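Okay, structure first, notes after.
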Amino acid sequence: MGLRDGRPLIRRALIVVALAALVLSPLAARGFANQYLLSLATTATIFALAAVSLQLIVGQAGLVSFGHAAFLGIGAYAPLILGAAGLDDALVSLPVAMLAAGGFALATGVVALRTRGVTFIMITLAFAQMAYFVAGALAAFGGDDGAPLDRPLLMRTGVLPNHIAFHAIAVALLVGAVLLLRGLAAAPFGRALAAARQSEARAIGCGIDVTRARLIAYTIAGAVGGLAGWLLGVHSEFVSPAFMDWRNSGELLVMVILGGAATPEGAALGAVGFILIEEVSSGITEHWRLIVGPAIVLFVLLRRRRIFA
Amino acid sequence: MSGALLLVEALNGLQLGVLLFLIAAGLTLVFGVLDLVNLAHGTQYMLGAYLAVTFAAWTGSFALGLVLATVGALAIGAVLERLVLGRLLARSHLDQVLATYGLILLLEEGAKTIWGAAPLSLPVPALLSGTVSLTAELTYPVYRLFLLGAGLAVAVLLWALIEHTRSGVRLRAGASDATMLDALGVNTRLLFAWVLAFGAMLAGFAGAMAAPLVSVEPSMGGSVLILAFVVIVLGGTGSVRGAFIGALLVGLTDTFGRFVLAELLRAGLGSSASRQAGPALSSMLIYLLMAGVLAFRPQGLLPASGRT
């Protein structure tokens, strides 16, 4: 995962186009008189944010985490649970969502990071399953079926129920997250992660506390994942344990790898691309997985020189 | 809590464990020896069940259906190995995750297209239906005993293969140090291809055996796959012995755990609250078990030799 070059011009062009599409989608929705376009664009933005958070673990720390959907689910449940307690302002539920998800990441990361390779993949999966079952046990919040969620007020204003404003906030958060991760990657923290990714033994030999760096990365990724989950729950106006299903973790991984795990903007692009592919192909046939599945397999088998390294 | 009830739970736990072992045995070798993350292994189990349903219906015989399904699973495993999995051996884990995820999409949707999304069932064969008396007051389904017996027989067979044949020796060597094995002139490529196909066959066999007991539908591989992961991590990747112990542990913990937890909750909280919290909490038990074991012994309970 070393080279970030490949074909920088195409990559940058695609990123600019995707960003422009996301930013301009409210206008497109109004122009085509199709509000669904805006909703789709917001969904794509939210998943791009989720993919960016996963990229910190997969691309920068070099760990394959199969439990990322748990962080999204925790972030989504926060406003639901807080709402039942009467605390339904976004100013409260959003930070709590990030704290809860980050806390879960910290607690499970301490155990998970004692393992390596395939075992790490599976233990992250197992922790996500635990969260999934706990969510399903919350009978007060719909249990297995989940529960609807009203769009919260932000500081008593109706900003969030406004779909265009919500979309703008989501895009801003996405851009912010990408910039944050790029900054982290360039900082000593990111360099330590990169060193550990390339050769753990050598990094330790240089005096880098690899486990601590990875744990910090894992926690931050969890918190940002919680943010994405909060957005997802509010946008869907619905929260359910299915958010944490392991298949969603798999899809998030696919998004990150598709766009290139080397950079956060690549991961974001992969997410947008994946959502688009899913949307377009499911419109063509209900058996779209029969096409997308082999396409993914071929994509992996055939690529030698990857555009997004 | 009567002794008879405990015996039934223990038998159920062992039966689940044996089923999980069949699925996990192939997978642990794939993870441990080949270092291949094969997410599509659960679909092999699912396809084995579907093949059993179909062949049993065609031939009118459960036994024939079972045999044909197992052969079919071996064939599918071999084809997947040739086309996809064999080429993934040299790739990074990320690539393997992505490719096998694509395989899951293809195979599950393929099953849905061929057999429909509605769950299918396979009737228990007449010879094995009914119950048998274990004690004066206790009866237990014959088929479940058959499953238990067949699974244990396969476990013994595997043990004999791994411990007492040339190929078994090479396999164990590969689990310890695959590069060295290659350097010593063993055709690791062929060995690994066989491991993949054989593991797929075991999973398909497990699916065929389980078909009369569960509802056969396209996503049945998913839940079983995760349990298999837990088994492998518990036992230690690459270790079939570990997979056996891990599988029995998981099977017993899951069944006994649910039972004991349900009793405790009922006693403590009353029946309606326990009915809500019970299933979810007991589902968590095996993950707590896994996390607990890994916290103290990250390499698993019985890691393949040379890996501790």
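Every chain in the structure tokens has a letter given in the order shown (A, B, ...), and although residue numbers restart at 1 in each chain, ligands are simply numbered from 1 in the order shown.
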Listing only residues of chain B within 9 Å of chain A, what is the closest atom pair and its distance in Å (to one decimal) for each, using only C-alpha atoms, sorted by chain and residue number ascending, as CSV?
residue,atom,partner,partner_atom,distance
B:Phe31,CA,A:Val118,CA,7.1
B:Gly32,CA,A:Val118,CA,8.6
B:Asp35,CA,A:Val118,CA,7.7
B:Leu36,CA,A:Val118,CA,8.4
B:Val37,CA,A:Val118,CA,7.0
B:Val84,CA,A:Leu301,CA,7.7
B:Arg87,CA,A:Leu301,CA,7.4
B:Leu88,CA,A:Leu301,CA,7.6
B:His93,CA,A:Val64,CA,7.6
B:Leu94,CA,A:Val64,CA,6.8
B:Asp95,CA,A:Val300,CA,6.3
B:Gln96,CA,A:Val300,CA,8.3
B:Val97,CA,A:Val254,CA,8.1
B:Leu98,CA,A:Val254,CA,5.7
B:Ala99,CA,A:Val297,CA,4.6
B:Thr100,CA,A:Val297,CA,7.3
B:Tyr101,CA,A:Gly250,CA,7.3
B:Gly102,CA,A:Gly293,CA,4.0
B:Leu103,CA,A:Gly293,CA,5.9
B:Ile104,CA,A:Gly293,CA,7.3
B:Leu105,CA,A:Gly293,CA,4.9
B:Leu106,CA,A:Gly293,CA,4.8
B:Leu107,CA,A:Leu290,CA,7.9
B:Glu108,CA,A:Arg289,CA,8.6
B:Glu109,CA,A:Leu290,CA,5.9
B:Gly110,CA,A:Leu290,CA,6.6
B:Lys112,CA,A:His287,CA,8.9
B:Thr113,CA,A:His287,CA,7.7
B:Gly222,CA,A:Arg247,CA,8.7
B:Ile226,CA,A:Ala126,CA,7.6
B:Leu227,CA,A:Ala126,CA,8.9
B:Phe229,CA,A:Met122,CA,6.2
B:Val230,CA,A:Met122,CA,7.2
B:Ile232,CA,A:Thr119,CA,8.7
B:Val233,CA,A:Thr119,CA,6.0
B:Gly236,CA,A:Thr119,CA,8.7
B:Thr237,CA,A:Thr119,CA,7.7
B:Gln276,CA,A:Ala137,CA,6.4
B:Ala277,CA,A:Ala137,CA,5.4
B:Gly278,CA,A:Ala137,CA,8.1
B:Pro279,CA,A:Ala137,CA,7.7
B:Ala280,CA,A:Phe133,CA,5.2
B:Leu281,CA,A:Val134,CA,7.0
B:Ser283,CA,A:Phe133,CA,6.8
B:Met284,CA,A:Met130,CA,5.4
B:Leu285,CA,A:Met130,CA,8.8
B:Tyr287,CA,A:Ala126,CA,6.0
B:Leu288,CA,A:Met130,CA,8.2
B:Met290,CA,A:Ile123,CA,8.1
B:Ala291,CA,A:Val111,CA,7.3
B:Gly292,CA,A:Val111,CA,8.9
B:Leu294,CA,A:Val111,CA,7.5
B:Ala295,CA,A:Val111,CA,5.9
B:Pro298,CA,A:Thr115,CA,5.8
B:Gln299,CA,A:Thr115,CA,7.6
Between B:Gly3, B:Gly168, B:Gly204, B:Gly42, which is the closest to Leu68 (chain B) once you count only C-alpha atoms?
B:Gly204
According to DSSP computed on the backbone, where in region 27-63 of chain A is there helix (DSSP H, G or I)? Give the residues as an NGL selection string.
:A and (27-31 or 35-60)
Taking only region 60-296 of chain A into account, list the residues labelled strand (DSSP E) by DSSP (computed from the backbone), as a count of residues only.
4
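Closest approach to Gly48 (chain B) from the set B:Gly235, B:Gly300, B:Gly116, B:Gly221 is made by B:Gly221, with distances taken over only C-alpha atoms.
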Might you pull out every residue within 7 Å of Asp88 (chain A), with only C-alpha atoms counted and same-chain residues fewer than 3 positions away left off, and present them as a list in words?
Pro79, Leu82, Gly83, Ser93 and Pro152 of chain A
